[in-house]
Every structure is written in C-alpha cells, then in structure tokens.
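Participant: coords-v5.pdb is reproduced below (PDB, C-alpha atoms).
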ATOM      1  CA  MET A  15     -15.510   3.439  -7.644
ATOM      2  CA  ILE A  16     -17.876   3.395  -4.675
ATOM      3  CA  ASN A  17     -18.701  -0.285  -5.229
ATOM      4  CA  LEU A  18     -15.022  -1.196  -5.672
ATOM      5  CA  ILE A  19     -14.146   0.376  -2.329
ATOM      6  CA  LYS A  20     -17.188  -1.089  -0.586
ATOM      7  CA  THR A  21     -16.372  -4.631  -1.710
ATOM      8  CA  PHE A  22     -12.747  -4.533  -0.508
ATOM      9  CA  PRO A  23     -13.510  -6.914   2.415
ATOM     10  CA  GLU A  24     -14.998  -9.408  -0.024
ATOM     11  CA  GLN A  25     -11.977  -8.978  -2.298
ATOM     12  CA  LEU A  26      -9.732 -10.062   0.584
ATOM     13  CA  LYS A  27     -11.748 -13.273   0.949
ATOM     14  CA  GLU A  28     -11.761 -13.902  -2.801
ATOM     15  CA  ALA A  29      -8.022 -13.269  -3.036
ATOM     16  CA  LEU A  30      -7.424 -15.749  -0.225
ATOM     17  CA  ASP A  31      -9.453 -18.389  -2.035
ATOM     18  CA  LEU A  32      -7.522 -17.752  -5.258
ATOM     19  CA  THR A  33      -4.202 -18.476  -3.506
ATOM     20  CA  LYS A  34      -5.042 -22.173  -3.832
ATOM     21  CA  GLN A  35      -3.377 -21.856  -7.239
ATOM     22  CA  ILE A  36      -0.034 -21.130  -5.549
ATOM     23  CA  ASN A  37       2.129 -24.245  -5.294
ATOM     24  CA  ALA A  38       4.749 -24.242  -2.537
ATOM     25  CA  THR A  39       6.865 -26.751  -4.458
ATOM     26  CA  ASP A  40       7.497 -24.291  -7.308
ATOM     27  CA  PHE A  41      10.528 -22.912  -5.465
ATOM     28  CA  PRO A  42      13.195 -24.621  -3.304
ATOM     29  CA  LYS A  43      12.813 -22.535  -0.138
ATOM     30  CA  ASP A  44      16.249 -23.512   1.188
ATOM     31  CA  GLN A  45      17.778 -21.784  -1.841
ATOM     32  CA  ILE A  46      15.995 -18.462  -1.305
ATOM     33  CA  HIS A  47      17.981 -15.947   0.745
ATOM     34  CA  HIS A  48      16.175 -12.737  -0.192
ATOM     35  CA  VAL A  49      12.954 -11.530  -1.830
ATOM     36  CA  ALA A  50      12.745  -8.704  -4.377
ATOM     37  CA  ILE A  51       9.307  -7.409  -5.386
ATOM     38  CA  SER A  52       8.846  -5.171  -8.417
ATOM     39  CA  GLY A  53       5.661  -3.128  -8.632
ATOM     40  CA  MET A  54       4.555   0.433  -9.307
ATOM     41  CA  GLY A  55       1.618   2.526  -8.072
ATOM     42  CA  GLY A  56      -1.450   0.474  -7.247
ATOM     43  CA  SER A  57       0.519  -2.709  -7.918
ATOM     44  CA  GLY A  58       3.411  -1.599  -5.734
ATOM     45  CA  ILE A  59       1.450  -0.686  -2.609
ATOM     46  CA  GLY A  60       0.724  -4.382  -2.044
ATOM     47  CA  ALA A  61       4.464  -5.006  -1.753
ATOM     48  CA  HIS A  62       4.691  -2.287   0.898
ATOM     49  CA  LEU A  63       1.970  -4.057   2.875
ATOM     50  CA  VAL A  64       3.792  -7.380   2.607
ATOM     51  CA  LYS A  65       7.075  -5.915   3.786
ATOM     52  CA  SER A  66       5.482  -4.192   6.770
ATOM     53  CA  ILE A  67       3.361  -7.182   7.833
ATOM     54  CA  LEU A  68       6.208  -9.699   7.602
ATOM     55  CA  GLU A  69       9.150  -7.677   8.897
ATOM     56  CA  ASP A  70       8.742  -9.188  12.383
ATOM     57  CA  TYR A  71       8.452 -12.734  11.047
ATOM     58  CA  CYS A  72      10.476 -13.145   7.869
ATOM     59  CA  LYS A  73      14.093 -14.160   8.475
ATOM     60  CA  ILE A  74      15.267 -13.007   5.060
ATOM     61  CA  PRO A  75      15.159  -9.458   3.645
ATOM     62  CA  ILE A  76      12.265  -8.246   1.511
ATOM     63  CA  THR A  77      13.135  -5.404  -0.862
ATOM     64  CA  LEU A  78      10.887  -3.318  -3.102
ATOM     65  CA  ILE A  79      12.003  -2.462  -6.631
ATOM     66  CA  GLN A  80      10.201   0.629  -7.926
ATOM     67  CA  GLY A  81      11.942   1.804 -11.051
ATOM     68  CA  TYR A  82      13.883   0.607 -14.087
ATOM     69  CA  ASN A  83      16.990  -0.662 -12.300
ATOM     70  CA  LEU A  84      17.584  -3.997 -10.591
ATOM     71  CA  PRO A  85      20.133  -4.133  -7.731
ATOM     72  CA  LEU A  86      23.275  -6.124  -8.446
ATOM     73  CA  TRP A  87      22.708  -8.287  -5.362
ATOM     74  CA  VAL A  88      19.716  -9.972  -7.031
ATOM     75  CA  ASN A  89      21.112 -13.415  -7.890
ATOM     76  CA  GLU A  90      20.339 -17.129  -8.027
ATOM     77  CA  LYS A  91      19.357 -17.023  -4.328
ATOM     78  CA  THR A  92      16.730 -14.322  -4.885
ATOM     79  CA  LEU A  93      13.003 -14.867  -5.269
ATOM     80  CA  PHE A  94      11.978 -12.165  -7.740
ATOM     81  CA  ILE A  95       8.292 -11.259  -7.811
ATOM     82  CA  ALA A  96       6.970  -9.226 -10.741
ATOM     83  CA  CYS A  97       3.686  -7.560  -9.826
ATOM     84  CA  SER A  98       1.656  -5.667 -12.428
ATOM     85  CA  TYR A  99      -2.121  -5.363 -12.403
ATOM     86  CA  SER A 100      -2.371  -4.776 -16.150
ATOM     87  CA  GLY A 101       0.639  -6.890 -16.971
ATOM     88  CA  ASN A 102       1.970  -4.026 -19.080
ATOM     89  CA  THR A 103       3.751  -1.840 -16.512
ATOM     90  CA  GLU A 104       6.842  -0.536 -18.277
ATOM     91  CA  GLU A 105       9.155  -0.453 -15.265
ATOM     92  CA  THR A 106       8.217  -3.932 -14.050
ATOM     93  CA  LEU A 107       8.657  -5.500 -17.498
ATOM     94  CA  THR A 108      12.040  -3.785 -17.867
ATOM     95  CA  VAL A 109      13.282  -5.098 -14.526
ATOM     96  CA  LEU A 110      11.891  -8.572 -15.255
ATOM     97  CA  GLU A 111      14.076  -8.834 -18.358
ATOM     98  CA  ILE A 112      17.129  -8.145 -16.196
ATOM     99  CA  ALA A 113      15.983 -10.498 -13.432
ATOM    100  CA  LYS A 114      15.634 -13.384 -15.890
ATOM    101  CA  LYS A 115      19.407 -13.261 -16.343
ATOM    102  CA  GLN A 116      20.158 -13.207 -12.624
ATOM    103  CA  THR A 117      17.768 -15.733 -11.044
ATOM    104  CA  ASP A 118      15.611 -18.703 -11.975
ATOM    105  CA  HIS A 119      13.239 -18.045  -9.078
ATOM    106  CA  ILE A 120      10.606 -15.788 -10.641
ATOM    107  CA  PHE A 121       6.948 -15.421  -9.710
ATOM    108  CA  SER A 122       4.415 -13.164 -11.429
ATOM    109  CA  VAL A 123       1.230 -11.548 -10.142
ATOM    110  CA  THR A 124      -1.054 -10.105 -12.823
ATOM    111  CA  THR A 125      -4.422 -10.042 -14.565
ATOM    112  CA  GLY A 126      -2.841 -10.622 -17.972
ATOM    113  CA  GLY A 127      -1.006  -8.498 -20.544
ATOM    114  CA  LYS A 128       2.642  -8.889 -21.485
ATOM    115  CA  LEU A 129       3.630 -10.156 -18.032
ATOM    116  CA  LYS A 130       1.324 -13.145 -18.328
ATOM    117  CA  ALA A 131       2.478 -13.806 -21.887
ATOM    118  CA  ILE A 132       6.125 -13.797 -20.765
ATOM    119  CA  SER A 133       5.308 -15.969 -17.733
ATOM    120  CA  ASP A 134       3.492 -18.485 -19.920
ATOM    121  CA  LYS A 135       6.360 -18.610 -22.388
ATOM    122  CA  GLU A 136       9.063 -18.906 -19.705
ATOM    123  CA  ASN A 137       6.935 -21.249 -17.558
ATOM    124  CA  PHE A 138       7.130 -18.937 -14.528
ATOM    125  CA  PRO A 139       4.824 -19.797 -11.615
ATOM    126  CA  GLN A 140       1.964 -17.279 -11.530
ATOM    127  CA  PHE A 141      -0.900 -15.855  -9.518
ATOM    128  CA  ASN A 142      -3.609 -14.670 -11.877
ATOM    129  CA  PHE A 143      -6.747 -12.781 -10.926
ATOM    130  CA  SER A 144      -9.585 -10.987 -12.656
ATOM    131  CA  GLY A 145      -9.146  -7.416 -13.837
ATOM    132  CA  LYS A 146     -12.800  -6.590 -13.179
ATOM    133  CA  ALA A 147     -11.796  -3.681 -10.908
ATOM    134  CA  GLU A 148     -10.430  -1.986 -14.056
ATOM    135  CA  CYS A 149      -7.821  -0.006 -12.112
ATOM    136  CA  PRO A 150      -4.838  -1.217 -10.074
ATOM    137  CA  ARG A 151      -5.584   0.861  -6.974
ATOM    138  CA  ALA A 152      -8.993  -0.822  -6.612
ATOM    139  CA  GLY A 153      -7.501  -4.330  -6.757
ATOM    140  CA  LEU A 154      -5.049  -4.059  -3.855
ATOM    141  CA  ALA A 155      -6.380  -7.139  -2.060
ATOM    142  CA  TYR A 156      -5.181  -9.577  -4.723
ATOM    143  CA  PRO A 157      -1.427  -8.879  -4.991
ATOM    144  CA  SER A 158      -0.984  -8.253  -1.254
ATOM    145  CA  VAL A 159      -2.713 -11.491  -0.243
ATOM    146  CA  ALA A 160      -1.049 -13.493  -3.029
ATOM    147  CA  ILE A 161       2.483 -12.482  -2.045
ATOM    148  CA  LEU A 162       1.799 -12.958   1.665
ATOM    149  CA  MET A 163       0.474 -16.471   1.050
ATOM    150  CA  LEU A 164       3.326 -17.359  -1.308
ATOM    151  CA  LEU A 165       5.913 -16.484   1.339
ATOM    152  CA  GLN A 166       3.970 -18.345   4.019
ATOM    153  CA  LYS A 167       3.600 -21.454   1.868
ATOM    154  CA  LEU A 168       7.357 -21.361   1.328
ATOM    155  CA  GLY A 169       7.838 -21.367   5.094
ATOM    156  CA  LEU A 170       9.679 -18.032   5.045
ATOM    157  CA  CYS A 171       7.571 -16.320   7.732
ATOM    158  CA  PRO A 172       6.980 -18.616  10.716
ATOM    159  CA  GLY A 173       4.966 -17.264  13.604
ATOM    160  CA  ILE A 174       2.099 -15.696  11.660
ATOM    161  CA  ASP A 175      -0.956 -17.365  10.140
ATOM    162  CA  ILE A 176      -1.675 -15.291   7.040
ATOM    163  CA  LYS A 177      -4.876 -17.126   6.171
ATOM    164  CA  GLU A 178      -6.250 -16.426   9.638
ATOM    165  CA  GLU A 179      -5.116 -12.792   9.584
ATOM    166  CA  ILE A 180      -6.733 -12.083   6.221
ATOM    167  CA  GLY A 181      -9.937 -13.828   7.274
ATOM    168  CA  HIS A 182     -10.162 -11.769  10.467
ATOM    169  CA  SER A 183      -9.321  -8.573   8.582
ATOM    170  CA  SER A 184     -12.138  -9.193   6.114
ATOM    171  CA  LYS A 185     -14.655  -9.793   8.913
ATOM    172  CA  LEU A 186     -13.462  -6.690  10.768
ATOM    173  CA  LEU A 187     -13.971  -4.434   7.751
ATOM    174  CA  MET A 188     -17.413  -5.878   7.075
ATOM    175  CA  GLU A 189     -18.411  -5.329  10.712
ATOM    176  CA  PHE A 190     -17.280  -1.698  10.788
ATOM    177  CA  GLN A 191     -18.053  -0.754   7.183
ATOM    178  CA  GLU A 192     -20.822   1.712   8.049
ATOM    179  CA  GLU A 193     -18.844   3.293  10.887
ATOM    180  CA  ILE A 194     -15.800   3.653   8.637
ATOM    181  CA  GLN A 195     -17.860   5.411   5.966
ATOM    182  CA  ILE A 196     -19.323   7.861   8.482
ATOM    183  CA  GLU A 197     -15.881   8.718   9.848
ATOM    184  CA  ALA A 198     -14.445   9.039   6.337
ATOM    185  CA  LYS A 199     -17.223  11.367   5.185
ATOM    186  CA  THR A 200     -16.763  13.612   8.213
ATOM    187  CA  LEU A 201     -13.005  13.813   7.745
ATOM    188  CA  ALA A 202     -13.314  14.545   4.022
ATOM    189  CA  LYS A 203     -15.461  17.560   4.801
ATOM    190  CA  ASN A 204     -12.960  18.617   7.472
ATOM    191  CA  ILE A 205      -9.927  18.596   5.183
ATOM    192  CA  HIS A 206     -11.646  19.902   2.058
ATOM    193  CA  SER A 207      -9.628  22.870   0.692
ATOM    194  CA  PHE A 208      -6.803  22.149   3.134
ATOM    195  CA  TYR A 209      -3.368  20.661   2.499
ATOM    196  CA  ALA A 210      -3.092  17.405   4.442
ATOM    197  CA  LEU A 211       0.120  16.233   6.101
ATOM    198  CA  LEU A 212      -0.195  12.521   6.806
ATOM    199  CA  TYR A 213       1.797  11.091   9.709
ATOM    200  CA  ALA A 214       2.128   7.624  11.277
ATOM    201  CA  ASP A 215       4.516   5.211  12.948
ATOM    202  CA  GLN A 216       7.131   3.797  10.553
ATOM    203  CA  LYS A 217       5.391   0.393  10.605
ATOM    204  CA  PHE A 218       2.292   2.036   9.174
ATOM    205  CA  TYR A 219       4.116   3.690   6.291
ATOM    206  CA  PRO A 220       2.034   1.643   3.780
ATOM    207  CA  ALA A 221      -1.129   3.211   5.219
ATOM    208  CA  VAL A 222      -0.009   6.836   4.896
ATOM    209  CA  LEU A 223       1.511   6.117   1.487
ATOM    210  CA  ARG A 224      -1.804   4.620   0.379
ATOM    211  CA  PHE A 225      -3.529   7.688   1.834
ATOM    212  CA  GLN A 226      -1.335  10.007  -0.242
ATOM    213  CA  GLN A 227      -1.775   7.931  -3.401
ATOM    214  CA  GLN A 228      -5.555   7.716  -3.065
ATOM    215  CA  LEU A 229      -5.943  11.435  -2.391
ATOM    216  CA  ALA A 230      -3.937  12.066  -5.553
ATOM    217  CA  GLU A 231      -5.735   9.586  -7.837
ATOM    218  CA  ASN A 232      -9.261   9.611  -6.459
ATOM    219  CA  SER A 233      -9.549  13.120  -4.973
ATOM    220  CA  LYS A 234      -7.156  14.780  -7.461
ATOM    221  CA  GLN A 235      -5.526  16.479  -4.465
ATOM    222  CA  LEU A 236      -1.921  16.719  -3.316
ATOM    223  CA  SER A 237      -0.831  15.804   0.210
ATOM    224  CA  HIS A 238       2.367  14.976   2.064
ATOM    225  CA  THR A 239       3.525  11.889   3.975
ATOM    226  CA  HIS A 240       6.142  11.273   6.658
ATOM    227  CA  VAL A 241       6.669   8.832   9.527
ATOM    228  CA  PHE A 242       7.896   8.689  13.108
ATOM    229  CA  PRO A 243      10.613   8.724  14.303
ATOM    230  CA  GLU A 244      12.366  10.144  11.212
ATOM    231  CA  LEU A 245      10.162  13.233  10.945
ATOM    232  CA  ASN A 246      11.323  14.223  14.441
ATOM    233  CA  HIS A 247      14.858  14.519  13.109
ATOM    234  CA  ASN A 248      14.025  17.089  10.424
ATOM    235  CA  GLU A 249      10.468  17.874   9.345
ATOM    236  CA  ILE A 250       9.182  18.903  12.766
ATOM    237  CA  VAL A 251      11.436  21.971  12.565
ATOM    238  CA  GLY A 252       9.750  23.050   9.329
ATOM    239  CA  TRP A 253       6.401  23.714  10.996
ATOM    240  CA  ARG A 254       6.941  27.452  10.701
ATOM    241  CA  PHE A 255       7.125  28.659   7.109
ATOM    242  CA  PRO A 256       5.611  29.507   4.706
ATOM    243  CA  GLU A 257       3.010  30.848   7.110
ATOM    244  CA  ASP A 258       0.268  31.264   4.506
ATOM    245  CA  HIS A 259       0.686  27.636   3.417
ATOM    246  CA  ILE A 260       0.734  26.241   6.958
ATOM    247  CA  SER A 261      -2.402  28.234   7.797
ATOM    248  CA  ARG A 262      -4.187  26.207   5.099
ATOM    249  CA  SER A 263      -2.823  22.864   6.301
ATOM    250  CA  LYS A 264      -4.029  20.149   8.653
ATOM    251  CA  ALA A 265      -2.055  17.266  10.137
ATOM    252  CA  ILE A 266      -3.673  13.831  10.134
ATOM    253  CA  LEU A 267      -2.153  11.426  12.632
ATOM    254  CA  LEU A 268      -2.780   7.697  12.269
ATOM    255  CA  ARG A 269      -2.695   6.077  15.716
ATOM    256  CA  SER A 270      -2.470   2.366  16.468
ATOM    257  CA  ASP A 271      -2.101   0.020  19.433
ATOM    258  CA  PHE A 272       0.987  -1.255  17.619
ATOM    259  CA  ASP A 273       2.850   2.052  17.448
ATOM    260  CA  HIS A 274       6.284   1.754  19.077
ATOM    261  CA  PRO A 275       6.144   3.049  22.679
ATOM    262  CA  GLN A 276       8.797   5.662  21.936
ATOM    263  CA  ASN A 277       6.911   6.789  18.849
ATOM    264  CA  GLN A 278       3.789   7.185  20.982
ATOM    265  CA  LYS A 279       5.773   9.603  23.152
ATOM    266  CA  ARG A 280       7.125  11.330  20.044
ATOM    267  CA  MET A 281       3.619  11.780  18.671
ATOM    268  CA  GLU A 282       2.395  13.412  21.867
ATOM    269  CA  ALA A 283       5.412  15.731  22.029
ATOM    270  CA  SER A 284       5.078  16.615  18.338
ATOM    271  CA  LYS A 285       1.400  17.477  18.744
ATOM    272  CA  SER A 286       2.281  20.340  21.086
ATOM    273  CA  ILE A 287       4.497  21.825  18.360
ATOM    274  CA  ILE A 288       2.104  21.318  15.446
ATOM    275  CA  LEU A 289      -0.919  22.622  17.349
ATOM    276  CA  GLN A 290       0.731  26.029  17.543
ATOM    277  CA  HIS A 291       0.264  26.299  13.771
ATOM    278  CA  ALA A 292      -2.440  23.886  12.581
ATOM    279  CA  GLU A 293      -5.250  21.557  13.558
ATOM    280  CA  ILE A 294      -4.451  17.890  14.201
ATOM    281  CA  ILE A 295      -6.911  15.137  13.335
ATOM    282  CA  GLU A 296      -6.287  11.713  14.861
ATOM    283  CA  LEU A 297      -7.505   8.477  13.291
ATOM    284  CA  LYS A 298      -7.524   5.339  15.445
ATOM    285  CA  ALA A 299      -7.334   1.861  13.963
ATOM    286  CA  LYS A 300      -9.487  -1.077  15.045
ATOM    287  CA  GLY A 301      -8.462  -4.727  15.101
ATOM    288  CA  LYS A 302      -6.689  -7.208  17.370
ATOM    289  CA  SER A 303      -3.480  -7.535  15.363
ATOM    290  CA  PHE A 304      -1.106  -5.334  13.400
ATOM    291  CA  THR A 305      -2.295  -6.839  10.101
ATOM    292  CA  GLN A 306      -5.934  -6.167  10.922
ATOM    293  CA  GLN A 307      -5.235  -2.577  11.933
ATOM    294  CA  LEU A 308      -3.153  -1.972   8.815
ATOM    295  CA  TYR A 309      -5.957  -3.199   6.533
ATOM    296  CA  TYR A 310      -8.419  -1.156   8.611
ATOM    297  CA  PHE A 311      -6.440   1.989   7.844
ATOM    298  CA  ILE A 312      -6.252   1.054   4.157
ATOM    299  CA  HIS A 313     -10.028   0.747   3.951
ATOM    300  CA  LEU A 314     -10.598   3.948   5.915
ATOM    301  CA  VAL A 315      -8.310   6.105   3.776
ATOM    302  CA  ASP A 316      -9.820   4.679   0.593
ATOM    303  CA  TRP A 317     -13.235   5.883   1.748
ATOM    304  CA  ILE A 318     -11.815   9.272   2.745
ATOM    305  CA  SER A 319     -10.402   9.725  -0.753
ATOM    306  CA  PHE A 320     -13.774   8.872  -2.290
ATOM    307  CA  TYR A 321     -15.696  11.373  -0.188
ATOM    308  CA  LEU A 322     -13.045  14.034  -0.728
ATOM    309  CA  ALA A 323     -13.518  13.513  -4.462
ATOM    310  CA  GLU A 324     -17.187  14.344  -3.906
ATOM    311  CA  GLU A 325     -16.203  17.471  -1.974
ATOM    312  CA  ASN A 326     -13.860  18.450  -4.823
ATOM    313  CA  GLN A 327     -16.627  17.682  -7.334
ATOM    314  CA  VAL A 328     -14.449  15.341  -9.383
ATOM    315  CA  ASP A 329     -14.906  11.825 -10.728
ATOM    316  CA  PRO A 330     -12.577   9.555  -8.690
ATOM    317  CA  PHE A 331     -12.185   6.973 -11.443
ATOM    318  CA  PRO A 332     -10.305   8.605 -14.377
ATOM    319  CA  VAL A 333      -6.605   9.468 -14.079
ATOM    320  CA  GLU A 334      -6.096  11.736 -17.101
ATOM    321  CA  ASN A 335      -2.575  12.839 -16.168
ATOM    322  CA  ILE A 336      -1.352   9.245 -15.963
ATOM    323  CA  ASP A 337      -3.011   8.441 -19.296
ATOM    324  CA  TYR A 338      -1.325  11.486 -20.818
ATOM    325  CA  LEU A 339       2.087  10.411 -19.530
ATOM    326  CA  LYS A 340       1.655   6.884 -20.860
ATOM    327  CA  ASN A 341       0.728   8.223 -24.289
ATOM    328  CA  LYS A 342       3.745  10.554 -24.336
ATOM    329  CA  LEU A 343       6.075   7.703 -23.358
ATOM    330  CA  ALA A 344       4.608   5.538 -26.108
ATOM    331  CA  GLU A 345       5.436   8.120 -28.778
ATOM    332  CA  LYS A 346       8.370   7.253 -30.996
ATOM    333  CA  SER A 347      11.246   9.711 -30.663
TER     334      SER A 347
END
So, in terms of structure tokens, how does the structure I just supplied come out?
Facilitator:
Amino acid sequence: MINLIKTFPEQLKEALDLTKQINATDFPKDQIHHVAISGMGGSGIGAHLVKSILEDYCKIPITLIQGYNLPLWVNEKTLFIACSYSGNTEETLTVLEIAKKQTDHIFSVTTGGKLKAISDKENFPQFNFSGKAECPRAGLAYPSVAILMLLQKLGLCPGIDIKEEIGHSSKLLMEFQEEIQIEAKTLAKNIHSFYALLYADQKFYPAVLRFQQQLAENSKQLSHTHVFPELNHNEIVGWRFPEDHISRSKAILLRSDFDHPQNQKRMEASKSIILQHAEIIELKAKGKSFTQQLYYFIHLVDWISFYLAEENQVDPFPVENIDYLKNKLAEKS
C-alpha cells in the first residue's frame, strides 16, 4: 500500500496520458443535457471529485448514482458513465442494465470484468486502465482524470484546462511529497485512539469523504464527516453529549484558500464552540487552484490513513469485512 500511495502523483500523469484513447466524436455533445455517473466506493469517489471540480464550469448538471436505482429523468439526453474498477461492481452493473434502455450515450471506465465485456459487446466507448493497484481506492487517479477529460473533450466545461490542472497537481504532489508524509505521520499519532470528526467547506466534500473512507479501509477505524455551512444548522448543537464520547474525540478541519468567505467565518465561529469540548486540528492545502488543493488533500489524507494503520497495528491492504459481505451476497438463497 505504501508504494501505491507514494506513486499517486505519477498515476495522475499516467492517467492523463491514457486519456488519448478517449474520442470526443463518440458522443454528440449538443444532445447531452445532463451527466449521470454510477460508481461505488473507491470507484465512486472519482465521480465526487469530478462533480466538485466542474461545478463552476459545467453548464449541465452532473449527478452521482450510488445504489441499485436509476432516476427516471435519465433519458436519451443523458450521458451515462459506468465506473467500476473491477468491472464487477454489483450496483453499477445493475444500473447499467437499466440505463441501456433509457439512453444510447453510455461510457464505461474499468480495468476489465463484466463491465468491459458488456461494453465490448454493446460497442460502448470505453476508458480502460491497468488493475495493477489491485484495489479500487488505490487507483483513484484513473477514473477521476478520465471522466474530467471526457467532459472537457466534449466541450461541456469551458473555462478550465483539465490537462493543465492535472499536470500541475502531479508536480505539486511530487514537490511536497516528503512534507506531506511528515505532516501525515504526526497527525496519525495525534488522532490515534481518538474518534475523528472531519469537517470542510462543502466544495471539499470529496476530500473529507475520502478521508472517512480511507480511515475505514486502510486504518480500520471509524470517523465522521460533515461540511460547512450545513453542519452549522444542526450538528454544531450536538457538541455536548455523550460527554465520555466527546472527550475521546478530535475535530479535524480542512482549510483552503478556496473556502467560501462566509464559510471561513463559520469555521472560526464554530471553533470557539468545539474547543470547549475537544481539540481542533487544522490542515491547510497547498496549490494555486481549487483542483490542485483538492488533490493535495486527497494525497494528504491517504498518507494519514496509512500511518494510522501503523499506529493501529493493522495491515492497510485487506478489507475482510467487504470480502465477507460480497461472499454473503453471492450465496444462493
């Protein structure tokens, strides 16, 4: 796992190079009025990144599908993207079967499996990449970059140069790799044996979600995620009970130059409330753009989860509970 996390900057560059296989003429962009992306877990987080990065540029809605049901609004004007690292994700394959009946605009992102077999048979345009990472969460660069570049090549997100942003993000992470690891190791020791509450601006929801997911899968540790401003309308009141639980909690606040000005004020005001009950740890992103700072956070929290796994004395790679669930679901009733 350590090598998979360390090579994330290189994965961004490799993913960008692989997007040469994406042909902009595969879809008539004037007929696409919305984008629906299906993906779960490590395959789904890439869709969250895409949505957050493009929300200020894309003139059509981008919706994430994370379950077995496809919204009725998905129709012949929808670009449906099926994203599954293994190609065998049950929910994504289920939704794809429904989508085939509702739109002809289907794109798949996978390393192989049933999704590739279906895409080959149905002649769906595809983005294929190597499964050498052996686990979806360690291959985040490929689906996120692929979908971003697909939408840019279709001309759906004017005003942002994805190729340039990914290139700069890769260089940034390489430059600060050692510093990121040092900060991550220190924080892992700080939150060891504590319950972490992970907070950020709404735009950085993919970062705190990734944080929560990586702590669960790599560190085998539960945590909680919420975002500003919504948490100020409910959760902030809950910083009181149960007292024994809160006494063993720490709040981690992700701060960025791209936080909304009002959310910056909300964060400062909220700190005065939280500090009455628990320690607050602030993490500051580096980078000149929102995309760069978002990928910076992704890389940082991945390292934190690795070092917390060391603190917890667990192997970050296996996910026995997920394997157990898959086996139970595969049993014939």
Participant: Which residues, written as a ChimeraX atom specification, have at least one atom at most 8 Å from Ser133 of chain A, with all atoms listed in the file counted and residues fewer than 6 positions away on the same chain left out?
Facilitator: /A:122,139-140
Participant: Check which residues satisfy the PyMOL selection byres ((chain A and resi 287) around 12) in the file shown, then give them as a VMD selection string.
Facilitator: chain A and resid 246 249 to 254 265 280 to 286 288 to 294
Participant: Assuming the chain letters and numbering stay as they are in my file, what does the PyMOL selection byres ((chain A and resi 57-74) around 7) actually select? List them as an MDAnalysis selection string.
Facilitator: chainID A and resid 47:48 51 53:56 75:76 78 97:99 150 154 157:158 162 170:173 217 220 224 305
Participant: Just how far from atom CA of Phe320 of chain A is atom CA of Leu268 of chain A, in Å to one decimal?
Facilitator: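 The value is 18.3 Å.
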Participant: When you look at Lys128 of chain A with a cut-off of 7 Å (counting all atoms listed in the file), what residues show up, excluding the ones that are within fewer than 2 positions of it in the same chain? I need them as a list in words.
Facilitator: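 Final neighbour list, sorted by chain and number: Gly101, Asn102, Gly126, Lys130, Ala131 and Ile132 of chain A.
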Participant: Skipping near chain neighbours, those fewer than 2 positions away, what residues fall within 8 Å of segment 32-42 of chain A using only C-alpha atoms, listed as a PyMOL selection string?
Facilitator: chain A and resi 28-30+44-46+119+139-141+143+159-160+163-164+167-168
Participant: Where does the PyMOL selection byres ((chain A and resi 179) around 10) land in this file, that is, which residues does it pick, as a list in words?
Facilitator: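 Checking the PyMOL selection byres ((chain A and resi 179) around 10) against this file, the residues are Ile174, Asp175, Ile176, Lys177, Glu178, Ile180, Gly181, His182, Ser183, Ser184, Lys302, Ser303, Phe304, Thr305 and Gln306 of chain A.
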Participant: Find the spatial neighbours of Thr239 of chain A, counting all atoms listed in the file, within a cut-off of 10 Å - ignore same-chain residues fewer than 2 positions away - and output them as JSON, numbers by chain.
Facilitator: {"A": [210, 211, 212, 213, 214, 219, 221, 222, 223, 224, 225, 226, 227, 237, 241, 245, 265, 266]}
Participant: Would you list the residues near (-5.2, 13.5, -13.5) (no more than 7 Å away, in the coordinates of the file, using only C-alpha atoms) as a PyMOL selection string?
Facilitator: chain A and resi 231+234+333-336
Participant: Between atom CA of Thr124 of chain A and atom CA of Leu165 of chain A, what is the distance in Å, rounded to a tenth?
Facilitator: 17.0 Å
Participant: Which of these residues is nearest to Ser319 of chain A, using all atoms listed in the file: A:Ala96, A:Ala155, A:Met15, A:Ala299?
Facilitator: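 Looking at the shortest contact to Ser319 of chain A, the residue is A:Met15.
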Participant: Determine, counting all atoms listed in the file, which protein, DNA and RNA residues have an atom within 8 Å of an atom of Arg262 of chain A; residues of the same chain fewer than 2 positions away are not included. Present the result as an MDAnalysis selection string.
Facilitator: chainID A and resid 207:209 258:260 264
Participant: With distances taken over all atoms listed in the file, which residue among A:Tyr156, A:Tyr82, A:Tyr338, A:Phe121 lies nearest Glu24 of chain A?
Facilitator: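 Under the stated criterion, the closest residue is A:Tyr156.
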Participant: For atom CA of Arg269 of chain A and atom CA of Tyr310 of chain A, quote the distance in Å rounded to one decimal.
Facilitator: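 Result for atom CA of Arg269 of chain A versus atom CA of Tyr310 of chain A: 11.6 Å, one decimal.
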